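What's in data01.cif: mmCIF, C-alpha atoms and all ligand atoms
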```cif
data_target
loop_
_atom_site.label_atom_id
_atom_site.label_comp_id
_atom_site.auth_asym_id
_atom_site.auth_seq_id
_atom_site.Cartn_x
_atom_site.Cartn_y
_atom_site.Cartn_z
CA MET A 1 35.03 -2.29 11.14
CA ALA A 2 37.15 0.81 10.57
CA HIS A 3 35.21 3.94 9.68
CA SER A 4 36.11 7.08 7.75
CA PRO A 5 36.20 10.42 9.61
CA TYR A 6 32.90 11.27 7.90
CA PHE A 7 31.12 8.13 9.08
CA ARG A 8 27.60 8.56 10.39
CA ILE A 9 24.48 6.38 10.51
CA PRO A 10 22.14 7.96 8.00
CA GLU A 11 18.48 8.67 8.53
CA LEU A 12 16.13 6.23 6.75
CA LEU A 13 13.71 8.28 4.66
CA MET A 14 10.65 6.54 3.20
CA PRO A 15 7.95 7.65 0.75
CA ALA A 16 4.22 7.78 1.51
CA GLY A 17 1.23 8.41 -0.73
CA ASN A 18 -1.37 8.26 2.07
CA LEU A 19 -1.70 8.31 5.85
CA HIS A 20 -1.67 4.54 6.19
CA LYS A 21 1.70 4.36 4.42
CA VAL A 22 3.06 7.11 6.69
CA GLN A 23 2.18 4.98 9.70
CA VAL A 24 3.53 1.78 8.12
CA ALA A 25 6.82 3.51 7.26
CA TYR A 26 7.31 4.66 10.85
CA GLN A 27 6.26 1.35 12.35
CA PHE A 28 8.68 -0.60 10.16
CA GLY A 29 11.66 1.59 10.98
CA ALA A 30 11.70 4.81 8.95
CA ASP A 31 13.23 7.80 10.72
CA ALA A 32 11.48 10.18 8.37
CA VAL A 33 8.77 10.21 5.69
CA TYR A 34 8.21 12.46 2.69
CA CYS A 35 4.81 13.23 1.20
CA GLY A 36 3.05 16.11 -0.50
CA VAL A 37 0.00 17.44 -2.27
CA PRO A 38 -0.28 16.62 -6.01
CA ARG A 39 -0.39 20.23 -7.20
CA TYR A 40 3.21 20.97 -6.24
CA SER A 41 4.79 17.63 -5.40
CA LEU A 42 5.55 15.65 -8.56
CA ARG A 43 3.08 12.88 -7.83
CA VAL A 44 -0.38 13.41 -9.21
CA ARG A 45 -1.44 9.75 -9.26
CA GLU A 46 -1.84 7.36 -6.31
CA ASN A 47 -1.42 10.31 -3.99
CA GLU A 48 -4.18 10.85 -1.44
CA PHE A 49 -2.63 13.85 0.24
CA ARG A 50 -4.40 17.19 0.22
CA LEU A 51 -3.82 20.21 2.41
CA HIS A 52 -6.40 19.02 4.95
CA ASN A 53 -4.83 15.60 5.66
CA LEU A 54 -1.22 16.75 5.72
CA ARG A 55 -1.97 17.84 9.28
CA GLU A 56 -2.74 14.23 10.25
CA ALA A 57 0.54 13.13 8.68
CA VAL A 58 2.41 15.63 10.86
CA GLU A 59 0.49 14.41 13.90
CA LEU A 60 1.58 10.84 13.12
CA ALA A 61 5.20 11.99 12.82
CA ARG A 62 5.02 13.70 16.19
CA HIS A 63 3.27 10.67 17.73
CA TYR A 64 6.13 8.39 16.65
CA ASN A 65 8.75 11.08 17.38
CA LYS A 66 9.94 10.95 13.75
CA LYS A 67 10.45 13.50 11.01
CA ILE A 68 8.26 14.49 8.08
CA TYR A 69 9.16 16.41 4.95
CA PHE A 70 6.69 17.88 2.47
CA THR A 71 7.59 17.52 -1.19
CA VAL A 72 7.07 20.75 -3.13
CA ASN A 73 9.40 19.82 -5.97
CA ALA A 74 7.38 20.43 -9.15
CA ILE A 75 8.74 22.86 -11.73
CA PRO A 76 5.54 24.88 -12.15
CA ARG A 77 4.46 27.03 -15.07
CA ASN A 78 3.40 30.66 -14.55
CA SER A 79 -0.18 29.59 -14.01
CA LYS A 80 0.72 27.75 -10.78
CA ILE A 81 2.62 30.61 -9.17
CA PRO A 82 -0.41 32.64 -8.05
CA GLY A 83 -1.97 30.46 -5.37
CA PHE A 84 1.34 29.01 -4.23
CA ASP A 85 1.36 31.47 -1.31
CA ARG A 86 -1.81 29.93 0.05
CA TYR A 87 -0.46 26.37 -0.15
CA LEU A 88 2.83 27.49 1.31
CA ASP A 89 1.28 29.27 4.26
CA VAL A 90 -0.88 26.26 5.14
CA MET A 91 2.10 23.91 4.90
CA ALA A 92 4.33 26.23 6.94
CA GLU A 93 1.67 26.46 9.63
CA LEU A 94 1.83 22.66 10.03
CA LYS A 95 5.55 22.93 10.85
CA PRO A 96 7.01 20.06 8.81
CA ASP A 97 10.69 19.35 9.40
CA ALA A 98 11.50 20.63 5.89
CA LEU A 99 10.13 21.29 2.43
CA ILE A 100 11.75 19.41 -0.46
CA MET A 101 11.98 21.91 -3.32
CA ALA A 102 13.41 22.22 -6.83
CA ASP A 103 12.14 25.36 -8.51
CA PRO A 104 14.24 28.46 -7.76
CA GLY A 105 11.13 30.64 -7.96
CA LEU A 106 9.25 28.62 -5.35
CA ILE A 107 12.37 28.45 -3.19
CA TYR A 108 12.70 32.24 -3.43
CA ILE A 109 9.07 32.78 -2.39
CA THR A 110 9.47 30.31 0.47
CA ARG A 111 12.67 31.90 1.78
CA GLU A 112 10.99 35.34 1.67
CA ARG A 113 7.75 34.34 3.39
CA HIS A 114 9.01 31.69 5.80
CA PRO A 115 12.75 32.15 6.30
CA ASN A 116 12.83 29.73 9.22
CA LEU A 117 11.25 26.86 7.30
CA PRO A 118 14.08 24.44 6.38
CA VAL A 119 14.46 23.74 2.66
CA HIS A 120 15.91 20.54 1.21
CA ILE A 121 17.00 20.76 -2.41
CA SER A 122 15.27 18.11 -4.52
CA VAL A 123 16.93 15.52 -6.74
CA GLN A 124 15.12 17.30 -9.59
CA THR A 125 17.81 20.01 -9.50
CA ASN A 126 20.44 17.51 -10.70
CA THR A 127 22.99 18.56 -8.10
CA MET A 128 26.09 16.67 -9.22
CA ASN A 129 29.05 18.49 -7.66
CA TYR A 130 30.36 20.32 -4.60
CA ALA A 131 30.17 23.76 -6.26
CA ALA A 132 26.45 23.29 -6.80
CA VAL A 133 26.06 22.11 -3.19
CA LYS A 134 27.87 25.26 -2.02
CA PHE A 135 25.53 27.37 -4.13
CA TRP A 136 22.47 25.83 -2.47
CA GLN A 137 24.10 26.31 0.91
CA SER A 138 24.65 30.00 0.11
CA ILE A 139 20.95 30.57 -0.43
CA GLY A 140 20.10 29.00 2.92
CA ALA A 141 19.23 25.39 2.03
CA LYS A 142 19.69 22.92 4.87
CA ARG A 143 20.15 19.77 2.81
CA VAL A 144 20.81 18.71 -0.78
CA ILE A 145 19.43 15.53 -2.28
CA LEU A 146 22.21 14.64 -4.67
CA SER A 147 21.55 13.62 -8.23
CA ARG A 148 20.97 9.91 -8.75
CA GLU A 149 23.82 10.00 -11.23
CA VAL A 150 26.60 10.63 -8.67
CA THR A 151 29.00 7.90 -7.58
CA ILE A 152 29.81 7.12 -3.94
CA ALA A 153 33.35 8.46 -4.54
CA GLU A 154 31.86 11.75 -5.72
CA VAL A 155 29.57 11.90 -2.68
CA ARG A 156 32.59 11.52 -0.46
CA GLU A 157 34.43 14.34 -2.22
CA ILE A 158 31.37 16.56 -1.87
CA ARG A 159 31.32 15.77 1.86
CA GLU A 160 35.02 16.60 2.16
CA ARG A 161 34.58 19.95 0.44
CA VAL A 162 31.28 20.93 2.04
CA PRO A 163 31.49 19.40 5.51
CA ASP A 164 28.62 21.36 7.05
CA MET A 165 25.83 20.58 4.58
CA GLU A 166 23.34 17.73 4.98
CA LEU A 167 23.54 15.25 2.08
CA GLU A 168 20.81 12.86 1.03
CA VAL A 169 21.14 10.03 -1.50
CA PHE A 170 18.57 7.77 -3.16
CA VAL A 171 19.35 4.12 -2.42
CA HIS A 172 16.28 2.22 -3.54
CA GLY A 173 13.45 2.26 -6.07
CA SER A 174 12.65 3.02 -9.68
CA ILE A 175 15.04 5.18 -11.59
CA CYS A 176 14.75 7.16 -14.78
CA ILE A 177 16.58 6.30 -17.94
CA ALA A 178 16.97 10.06 -18.41
CA HIS A 179 18.72 12.39 -15.99
CA SER A 180 16.04 12.82 -13.30
CA GLY A 181 14.00 15.89 -14.09
CA ARG A 182 15.26 16.14 -17.67
CA CYS A 183 12.92 13.76 -19.43
CA PHE A 184 10.36 14.66 -22.09
CA MET A 185 9.46 11.15 -23.22
CA SER A 186 6.25 11.04 -21.21
CA ASN A 187 5.29 14.47 -22.52
CA TYR A 188 6.08 13.53 -26.09
CA PHE A 189 4.39 10.13 -26.19
CA GLY A 190 1.54 10.68 -23.76
CA ASN A 191 1.16 14.44 -23.32
CA ARG A 192 1.86 13.93 -19.63
CA ASP A 193 4.54 16.10 -18.11
CA ALA A 194 6.96 14.19 -15.87
CA ASN A 195 8.15 17.48 -14.41
CA GLN A 196 4.61 18.21 -13.22
CA GLY A 197 4.38 14.78 -11.58
CA ALA A 198 2.44 13.05 -14.35
CA CYS A 199 5.04 10.67 -15.84
CA ASN A 200 3.44 7.80 -17.78
CA ASN A 201 6.59 5.65 -17.64
CA ALA A 202 7.09 5.85 -21.38
CA CYS A 203 10.66 4.61 -20.98
CA ARG A 204 9.40 1.27 -19.63
CA ASP A 205 7.39 0.50 -22.75
CA GLU A 206 8.25 -2.10 -25.28
CA TYR A 207 9.43 -0.47 -28.51
CA LYS A 208 9.85 -1.63 -32.05
CA VAL A 209 13.00 -0.03 -33.36
CA PHE A 210 13.99 0.01 -37.01
CA VAL A 211 17.24 1.17 -38.56
CA ALA A 212 18.36 1.66 -42.13
CA ASN A 213 21.75 2.32 -43.56
CA LYS A 214 21.05 4.53 -46.59
CA ARG A 215 24.29 3.68 -48.40
CA GLN A 216 24.71 -0.04 -47.84
CA ASN A 217 21.33 -1.32 -46.80
CA PRO A 218 18.43 1.05 -47.30
CA GLU A 219 15.87 -1.58 -46.21
CA LEU A 220 14.52 -1.02 -42.71
CA MET A 221 15.85 -3.64 -40.28
CA GLU A 222 14.20 -4.28 -36.98
CA LEU A 223 16.36 -4.21 -33.86
CA ILE A 224 15.26 -7.09 -31.68
CA GLU A 225 16.21 -7.99 -28.13
CA THR A 226 13.55 -10.65 -27.64
CA ASP A 227 10.81 -12.20 -29.81
CA GLU A 228 8.50 -9.49 -28.52
CA GLY A 229 10.52 -6.43 -29.39
CA THR A 230 12.84 -4.37 -27.26
CA PHE A 231 12.82 -2.60 -23.93
CA LEU A 232 15.81 -0.51 -24.86
CA MET A 233 15.14 2.19 -22.27
CA ASN A 234 13.77 0.17 -19.37
CA SER A 235 16.04 0.57 -16.36
CA LYS A 236 16.22 -1.96 -13.57
CA ASP A 237 15.42 -0.62 -10.09
CA LEU A 238 18.01 0.79 -7.73
CA ARG A 239 19.03 -1.28 -4.69
CA ALA A 240 22.09 -0.10 -2.79
CA ILE A 241 21.49 -1.81 0.55
CA GLU A 242 24.79 -3.67 0.18
CA PHE A 243 26.68 -0.39 0.03
CA LEU A 244 25.32 1.38 3.10
CA LYS A 245 28.69 1.17 4.86
CA ASP A 246 30.30 2.97 1.88
CA LEU A 247 27.58 5.62 1.95
CA ALA A 248 27.93 6.05 5.71
CA ASP A 249 31.71 6.41 5.28
CA ALA A 250 31.09 9.00 2.56
CA GLY A 251 29.23 11.09 5.14
CA VAL A 252 25.66 10.68 3.86
CA ASP A 253 23.08 12.04 6.33
CA SER A 254 19.97 10.50 4.82
CA ILE A 255 19.24 7.52 2.59
CA LYS A 256 16.08 7.77 0.59
CA VAL A 257 13.69 5.24 -0.91
CA GLU A 258 11.68 6.11 -4.01
CA GLY A 259 8.04 5.13 -4.36
CA ARG A 260 5.20 7.35 -3.21
CA THR A 261 2.91 5.52 -5.64
CA LYS A 262 3.96 2.06 -4.40
CA ASN A 263 1.73 0.05 -2.07
CA ASP A 264 1.86 -0.22 1.72
CA TYR A 265 3.53 -3.65 1.55
CA TYR A 266 6.42 -2.17 -0.43
CA VAL A 267 6.79 0.65 2.11
CA GLY A 268 6.80 -1.75 5.06
CA MET A 269 9.07 -4.38 3.54
CA VAL A 270 11.67 -1.96 2.20
CA ALA A 271 11.73 0.04 5.44
CA ARG A 272 12.11 -3.18 7.42
CA ALA A 273 15.10 -4.38 5.36
CA TYR A 274 16.96 -1.05 5.36
CA ARG A 275 16.24 -0.53 9.07
CA ARG A 276 17.81 -3.89 9.78
CA ALA A 277 20.83 -3.06 7.62
CA LEU A 278 21.33 0.30 9.35
CA ASP A 279 20.94 -1.24 12.81
CA ASN A 280 23.51 -3.92 11.91
CA LEU A 281 25.86 -1.22 10.65
CA SER A 282 25.36 0.75 13.83
CA ALA A 283 26.17 -2.35 15.88
CA GLY A 284 29.36 -2.92 13.88
CA LYS A 285 28.02 -6.07 12.26
CA PRO A 286 28.85 -6.99 8.64
CA PHE A 287 26.19 -6.71 5.94
CA ASP A 288 23.66 -9.54 6.14
CA ARG A 289 23.25 -10.86 2.58
CA GLY A 290 19.92 -12.37 3.60
CA LEU A 291 18.52 -8.84 3.33
CA LEU A 292 18.89 -9.04 -0.46
CA ALA A 293 16.41 -11.91 -0.41
CA GLU A 294 14.11 -9.86 1.84
CA LEU A 295 13.96 -7.19 -0.87
CA ASP A 296 13.17 -9.87 -3.46
CA LYS A 297 9.87 -10.30 -1.61
CA VAL A 298 8.53 -7.11 -3.20
CA ALA A 299 7.90 -6.57 -6.90
CA SER A 300 10.70 -5.00 -8.90
CA ARG A 301 12.08 -4.71 -12.41
CA GLY A 302 15.23 -6.48 -11.24
CA TYR A 303 17.88 -4.69 -9.20
CA PHE A 304 21.19 -2.98 -9.75
CA SER A 305 23.18 -0.46 -7.72
CA GLY A 306 22.86 2.39 -10.21
CA PHE A 307 25.53 5.01 -10.72
CA LEU A 308 26.53 4.86 -7.06
CA THR A 309 28.94 1.99 -7.61
CA ARG A 310 30.58 3.21 -10.82
CA GLY A 311 34.29 2.61 -10.31
CA MET A 312 33.57 -0.19 -7.81
CA GLU A 313 32.62 -2.83 -10.37
CA ASP A 314 34.77 -5.47 -8.68
CA ARG A 315 32.26 -5.40 -5.81
CA VAL A 316 29.13 -5.51 -7.96
CA PRO A 317 27.80 -9.01 -8.76
CA GLU A 318 27.84 -9.81 -12.48
CA PRO A 319 24.04 -9.76 -13.10
CA GLU A 320 23.77 -6.35 -11.44
CA ARG A 321 26.33 -4.76 -13.73
CA GLU A 322 23.64 -4.77 -16.43
CA PHE A 323 21.31 -1.79 -15.92
CA GLN A 324 18.60 -2.71 -18.40
CA ASN A 325 15.67 -5.09 -18.00
CA ILE A 326 15.07 -6.31 -21.54
CA GLU A 327 12.36 -8.80 -20.61
CA ASP A 328 9.62 -6.85 -18.96
CA GLY A 329 8.61 -3.23 -18.58
CA SER A 330 6.44 -3.82 -15.50
CA SER A 331 7.39 -4.58 -11.94
CA ARG A 332 6.95 -8.27 -11.27
CA VAL A 333 6.28 -10.26 -8.15
CA GLN A 334 9.39 -11.94 -6.91
CA THR A 335 9.43 -14.56 -4.15
CA ARG A 336 6.28 -13.57 -2.23
CA ARG A 337 2.84 -12.34 -3.21
CA TYR A 338 1.24 -9.61 -1.10
CA ALA A 339 -1.82 -11.16 0.54
CA GLY A 340 -2.98 -8.51 3.02
CA CYS A 341 -2.28 -6.10 5.85
CA VAL A 342 -3.85 -6.90 9.23
CA ARG A 343 -6.52 -4.37 10.18
CA TYR A 344 -7.21 -5.89 13.55
CA TYR A 345 -7.23 -9.04 15.64
CA ASP A 346 -10.50 -10.04 17.28
CA GLU A 347 -10.03 -11.74 20.64
CA GLN A 348 -13.55 -13.19 20.60
CA THR A 349 -13.07 -15.09 17.35
CA GLY A 350 -9.28 -15.50 17.49
CA MET A 351 -9.15 -14.23 13.91
CA ILE A 352 -7.29 -11.55 12.03
CA TYR A 353 -9.15 -9.36 9.56
CA PHE A 354 -7.60 -7.99 6.39
CA ASP A 355 -8.45 -6.94 2.82
CA VAL A 356 -7.37 -9.81 0.61
CA LYS A 357 -4.92 -8.74 -2.12
CA THR A 358 -4.21 -12.00 -3.96
CA LYS A 359 -5.85 -15.38 -4.31
CA ILE A 360 -5.45 -17.48 -1.15
CA LYS A 361 -6.84 -20.89 -0.32
CA VAL A 362 -7.11 -23.15 2.67
CA GLY A 363 -3.81 -24.98 3.10
CA ASP A 364 -1.68 -22.09 1.81
CA TYR A 365 1.21 -20.77 3.84
CA VAL A 366 1.81 -17.08 4.28
CA GLU A 367 4.74 -15.33 5.83
CA VAL A 368 3.88 -12.71 8.46
CA TYR A 369 5.99 -9.59 8.91
CA ARG A 370 5.17 -7.79 12.13
CA PRO A 371 6.01 -4.17 12.86
CA ASP A 372 7.30 -5.12 16.32
CA ARG A 373 9.89 -7.74 15.34
CA PHE A 374 12.12 -8.52 12.40
CA GLU A 375 11.89 -12.30 12.22
CA PRO A 376 8.92 -13.38 10.12
CA GLN A 377 6.39 -15.96 11.30
CA ILE A 378 4.68 -18.58 9.18
CA LEU A 379 0.92 -18.88 9.18
CA ARG A 380 -0.94 -21.81 7.66
CA ILE A 381 -4.35 -20.77 6.41
CA CYS A 382 -6.78 -23.31 7.82
CA GLU A 383 -10.02 -21.39 7.36
CA ILE A 384 -11.20 -18.37 5.35
CA ARG A 385 -14.35 -16.45 6.22
CA ARG A 386 -15.98 -13.54 4.48
CA ASN A 387 -19.22 -12.10 5.91
CA GLN A 388 -19.45 -15.24 8.08
CA VAL A 389 -19.41 -17.49 5.00
CA LEU A 390 -16.69 -20.13 4.75
CA TYR A 391 -14.58 -20.22 1.59
CA ASP A 392 -12.06 -22.80 0.36
CA SER A 393 -10.35 -20.10 -1.63
CA ILE A 394 -10.87 -16.45 -2.32
CA SER A 395 -9.50 -14.03 -4.90
CA GLY A 396 -7.67 -10.78 -4.34
CA GLY A 397 -9.90 -7.71 -4.33
CA MET A 398 -12.84 -9.50 -2.61
CA GLY A 399 -12.68 -7.19 0.41
CA GLU A 400 -12.27 -8.03 4.07
CA VAL A 401 -11.69 -11.63 5.07
CA ALA A 402 -10.99 -13.31 8.40
CA VAL A 403 -8.42 -16.04 9.08
CA PRO A 404 -7.84 -17.76 12.45
CA VAL A 405 -4.49 -17.43 14.23
CA ASN A 406 -3.31 -18.99 17.45
CA GLU A 407 -1.69 -15.83 18.75
CA PRO A 408 -2.68 -12.18 18.28
CA LEU A 409 -1.03 -10.30 15.45
CA PRO A 410 -0.59 -6.53 15.68
CA GLN A 411 -2.32 -4.13 13.33
CA ASN A 412 -0.35 -3.50 10.12
CA SER A 413 1.36 -6.90 10.15
CA PHE A 414 1.81 -7.89 6.51
CA LEU A 415 0.86 -11.28 5.09
CA ALA A 416 2.66 -12.57 1.99
CA LEU A 417 1.81 -15.77 0.18
CA ILE A 418 4.65 -18.26 -0.15
CA PRO A 419 4.25 -19.73 -3.65
CA SER A 420 5.87 -23.03 -2.72
CA VAL A 421 6.60 -24.18 0.80
CA GLU A 422 9.46 -26.27 -0.61
CA SER A 423 11.25 -22.97 -1.29
CA LEU A 424 11.61 -22.43 2.46
CA SER A 425 14.94 -23.36 3.94
CA PHE A 426 13.40 -24.25 7.30
CA VAL A 427 10.42 -26.18 8.62
CA PRO A 428 7.56 -23.72 9.07
CA GLU A 429 6.42 -22.81 12.54
CA VAL A 430 2.68 -23.08 12.07
CA ALA A 431 0.88 -20.21 13.71
CA GLY A 432 -2.60 -20.93 12.34
CA ARG A 433 -4.98 -23.12 14.28
S1 LIG B 1 9.43 8.39 -18.80
FE1 LIG B 1 10.99 7.20 -17.70
S2 LIG B 1 12.85 8.43 -17.77
FE2 LIG B 1 11.13 9.79 -18.25
S3 LIG B 1 10.52 10.72 -16.26
FE3 LIG B 1 9.24 8.91 -16.60
S4 LIG B 1 10.33 7.24 -15.53
FE4 LIG B 1 11.79 8.93 -15.84
#
```
Write the structure described by the file as structure tokens, please.
Ligand code: SF4
Amino acid sequence: MAHSPYFRIPELLMPAGNLHKVQVAYQFGADAVYCGVPRYSLRVRENEFRLHNLREAVELARHYNKKIYFTVNAIPRNSKIPGFDRYLDVMAELKPDALIMADPGLIYITRERHPNLPVHISVQTNTMNYAAVKFWQSIGAKRVILSREVTIAEVREIRERVPDMELEVFVHGSICIAHSGRCFMSNYFGNRDANQGACNNACRDEYKVFVANKRQNPELMELIETDEGTFLMNSKDLRAIEFLKDLADAGVDSIKVEGRTKNDYYVGMVARAYRRALDNLSAGKPFDRGLLAELDKVASRGYFSGFLTRGMEDRVPEPEREFQNIEDGSSRVQTRRYAGCVRYYDEQTGMIYFDVKTKIKVGDYVEVYRPDRFEPQILRICEIRRNQVLYDSISGGMGEVAVPVNEPLPQNSFLALIPSVESLSFVPEVAGR
């Protein structure tokens, strides 16, 4: 495979909303993780980080010899400026590899107080062009996370014109229907400010839309996409795994996955697929289309490649040229159902222990994704125990259960229910007793 002069293998940067997800991200192949405290980091829900446990996140990063970035990318009001010093000093003392920032005021304070602390410019700044990248470079930023609205061709031109600046690009996850950081829908409909990290996903909702033409037809007419109504603003999710070679040729230093509020299974599965794609790219192998199916094993709103592939439509499959999901505002399970994450294997009993996440029953097959190998294993569930009581079936949310296996499985292996064994293209290797 011929490469451009800008070619490089980008860093894989994963999101984490708690310490467990930090560990899962690293174990499944992330080079770096981003996380942050709710007050300044644009994620106030499903975010367990506080100043006290950020230290443990840094310790995990150092343990795995990986990088960690703290998100400090809210656009705060006056009331949040006093007190920022204290947060900043604690974060700086932990020595993260960078802070991800958007607000010029917070960046100014950070550069004054901690000039050696690297700053990455957040996607919230809507950096769309090389002049803006040069501006951020002039104030000492180390990296710019480009706007989600740029195309790969534009990324490449930015790289050509600013060769000595790190560039990061979102490649996977939910995207806004508005320019990132410029949306007031959540504020308007739910009094929750997306730019303070409290988005209520108003764009995903189902709307009833009426129009009237005053001159010719003054009666209100309902605009309908389905019998239910319309999801006129509900974007599909970004998935650009197929285009990593193009991004590497454009000189991208870091590819980023959205989703600090997503579950551990999402973090592990997405990291695993992108790690594999990057390793294949590094080895000069062509893109493995089987990785698209791997990403169908996590819930999504349907996938498309976003703005990145504008101008490359001939390479985008027909269904992915449509950006809107008109059927459903929520993420939906695709080809697997998350069943659990192995807490530990007990040699005495020969069983794995995990919190059950979906209904499983004796006779079901689950796929097992281990942190230490890419190829999944198949496990047939032949027994389910909870508090020493045998169950034929058990529902998600019932707490810790035990299932026998005939070989040890490492901690943080994920189990995913296969809805129909017939859907498998190979005869299962049965790992359960
Ligand atoms: S409401 Fe939708 S477009 Fe607006 S910030 Fe939230 S996710 Fe983005």
**Q.** Exercise answer, 12 Å around ligand LIG 1 (chain B) with all atoms listed in the file, as a PyMOL selection string
**A.** chain A and resi 42-43+124+148+173-205+231-237+258-259+329-330
Can I get the selection written as a PDB file, in the coordinates of the input, with C-alpha atoms?
```
ATOM      1  CA  LEU A  42       5.550  15.650  -8.560  1.00  0.00           C
ATOM      2  CA  ARG A  43       3.080  12.880  -7.830  1.00  0.00           C
ATOM      3  CA  GLN A 124      15.120  17.300  -9.590  1.00  0.00           C
ATOM      4  CA  ARG A 148      20.970   9.910  -8.750  1.00  0.00           C
ATOM      5  CA  GLY A 173      13.450   2.260  -6.070  1.00  0.00           C
ATOM      6  CA  SER A 174      12.650   3.020  -9.680  1.00  0.00           C
ATOM      7  CA  ILE A 175      15.040   5.180 -11.590  1.00  0.00           C
ATOM      8  CA  CYS A 176      14.750   7.160 -14.780  1.00  0.00           C
ATOM      9  CA  ILE A 177      16.580   6.300 -17.940  1.00  0.00           C
ATOM     10  CA  ALA A 178      16.970  10.060 -18.410  1.00  0.00           C
ATOM     11  CA  HIS A 179      18.720  12.390 -15.990  1.00  0.00           C
ATOM     12  CA  SER A 180      16.040  12.820 -13.300  1.00  0.00           C
ATOM     13  CA  GLY A 181      14.000  15.890 -14.090  1.00  0.00           C
ATOM     14  CA  ARG A 182      15.260  16.140 -17.670  1.00  0.00           C
ATOM     15  CA  CYS A 183      12.920  13.760 -19.430  1.00  0.00           C
ATOM     16  CA  PHE A 184      10.360  14.660 -22.090  1.00  0.00           C
ATOM     17  CA  MET A 185       9.460  11.150 -23.220  1.00  0.00           C
ATOM     18  CA  SER A 186       6.250  11.040 -21.210  1.00  0.00           C
ATOM     19  CA  ASN A 187       5.290  14.470 -22.520  1.00  0.00           C
ATOM     20  CA  TYR A 188       6.080  13.530 -26.090  1.00  0.00           C
ATOM     21  CA  PHE A 189       4.390  10.130 -26.190  1.00  0.00           C
ATOM     22  CA  GLY A 190       1.540  10.680 -23.760  1.00  0.00           C
ATOM     23  CA  ASN A 191       1.160  14.440 -23.320  1.00  0.00           C
ATOM     24  CA  ARG A 192       1.860  13.930 -19.630  1.00  0.00           C
ATOM     25  CA  ASP A 193       4.540  16.100 -18.110  1.00  0.00           C
ATOM     26  CA  ALA A 194       6.960  14.190 -15.870  1.00  0.00           C
ATOM     27  CA  ASN A 195       8.150  17.480 -14.410  1.00  0.00           C
ATOM     28  CA  GLN A 196       4.610  18.210 -13.220  1.00  0.00           C
ATOM     29  CA  GLY A 197       4.380  14.780 -11.580  1.00  0.00           C
ATOM     30  CA  ALA A 198       2.440  13.050 -14.350  1.00  0.00           C
ATOM     31  CA  CYS A 199       5.040  10.670 -15.840  1.00  0.00           C
ATOM     32  CA  ASN A 200       3.440   7.800 -17.780  1.00  0.00           C
ATOM     33  CA  ASN A 201       6.590   5.650 -17.640  1.00  0.00           C
ATOM     34  CA  ALA A 202       7.090   5.850 -21.380  1.00  0.00           C
ATOM     35  CA  CYS A 203      10.660   4.610 -20.980  1.00  0.00           C
ATOM     36  CA  ARG A 204       9.400   1.270 -19.630  1.00  0.00           C
ATOM     37  CA  ASP A 205       7.390   0.500 -22.750  1.00  0.00           C
ATOM     38  CA  PHE A 231      12.820  -2.600 -23.930  1.00  0.00           C
ATOM     39  CA  LEU A 232      15.810  -0.510 -24.860  1.00  0.00           C
ATOM     40  CA  MET A 233      15.140   2.190 -22.270  1.00  0.00           C
ATOM     41  CA  ASN A 234      13.770   0.170 -19.370  1.00  0.00           C
ATOM     42  CA  SER A 235      16.040   0.570 -16.360  1.00  0.00           C
ATOM     43  CA  LYS A 236      16.220  -1.960 -13.570  1.00  0.00           C
ATOM     44  CA  ASP A 237      15.420  -0.620 -10.090  1.00  0.00           C
ATOM     45  CA  GLU A 258      11.680   6.110  -4.010  1.00  0.00           C
ATOM     46  CA  GLY A 259       8.040   5.130  -4.360  1.00  0.00           C
ATOM     47  CA  GLY A 329       8.610  -3.230 -18.580  1.00  0.00           C
ATOM     48  CA  SER A 330       6.440  -3.820 -15.500  1.00  0.00           C
TER      49      SER A 330
END
```
Q) Do you have the CA of Leu390 in chain A-CA of Gly363 in chain A distance handy? A) 13.9 Å
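Computed from the coordinates, the CA of Val24 in chain A to CA of Ala271 in chain A distance equals 8.8 Å.
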Please list as a PDB file with C-alpha atoms, in the frame of the given file every residue within 8 Å of Val58 in chain A, counting all atoms listed in the file and excluding residues in the same chain fewer than 4 positions away.
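Dumped everything to selection-v4.pdb:
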```pdb
ATOM      1  CA  LEU A  54      -1.220  16.750   5.720  1.00  0.00           C
ATOM      2  CA  ARG A  62       5.020  13.700  16.190  1.00  0.00           C
ATOM      3  CA  ILE A  68       8.260  14.490   8.080  1.00  0.00           C
ATOM      4  CA  LEU A  94       1.830  22.660  10.030  1.00  0.00           C
ATOM      5  CA  LYS A  95       5.550  22.930  10.850  1.00  0.00           C
ATOM      6  CA  PRO A  96       7.010  20.060   8.810  1.00  0.00           C
TER       7      PRO A  96
END
```
Q) Which of these residues is nearest to Asp296 in chain A, using only C-alpha atoms: A:Thr127, A:Ser331, A:Gln388, A:Gln27? A) A:Ser331
(Q) Let me make sure I understand: among A:Ile381, A:Ala131, A:Val298, A:Ile75, which one has the smallest atom-to-atom distance to Arg39 in chain A if we use all atoms listed in the file? (A) A:Ile75
**Q.** Atomic distance CA of Arg343 in chain A - CA of Asp355 in chain A, expressed in Å with one decimal
**A.** 8.0 Å
Contact check, range 220-248 of chain A to range 305-310 of chain A, at most 7 Å, counting all atoms listed in the file, closest pairs as JSON lines:
```
{"residue": "A:Leu238", "atom": "CA", "partner": "A:Ser305", "partner_atom": "CA", "distance": 5.3}
{"residue": "A:Arg239", "atom": "CA", "partner": "A:Ser305", "partner_atom": "CA", "distance": 5.2}
{"residue": "A:Ala240", "atom": "CA", "partner": "A:Ser305", "partner_atom": "CA", "distance": 5.1}
```
Sorted per-residue table, range 110-160 of chain A near range 87-92 of chain A, closest atoms and distance, 12 Å, all atoms listed in the file, as CSV:
```
residue,atom,partner,partner_atom,distance
A:Thr110,CA,A:Leu88,CA,7.3
A:Arg111,CA,A:Leu88,CA,10.8
A:Glu112,CA,A:Leu88,CA,11.3
A:Arg113,CA,A:Asp89,CA,8.3
A:His114,CA,A:Ala92,CA,7.3
A:Pro115,CA,A:Ala92,CA,10.3
A:Asn116,CA,A:Ala92,CA,9.5
A:Leu117,CA,A:Ala92,CA,7.0
A:Pro118,CA,A:Ala92,CA,9.9
A:Val119,CA,A:Ala92,CA,11.3
```
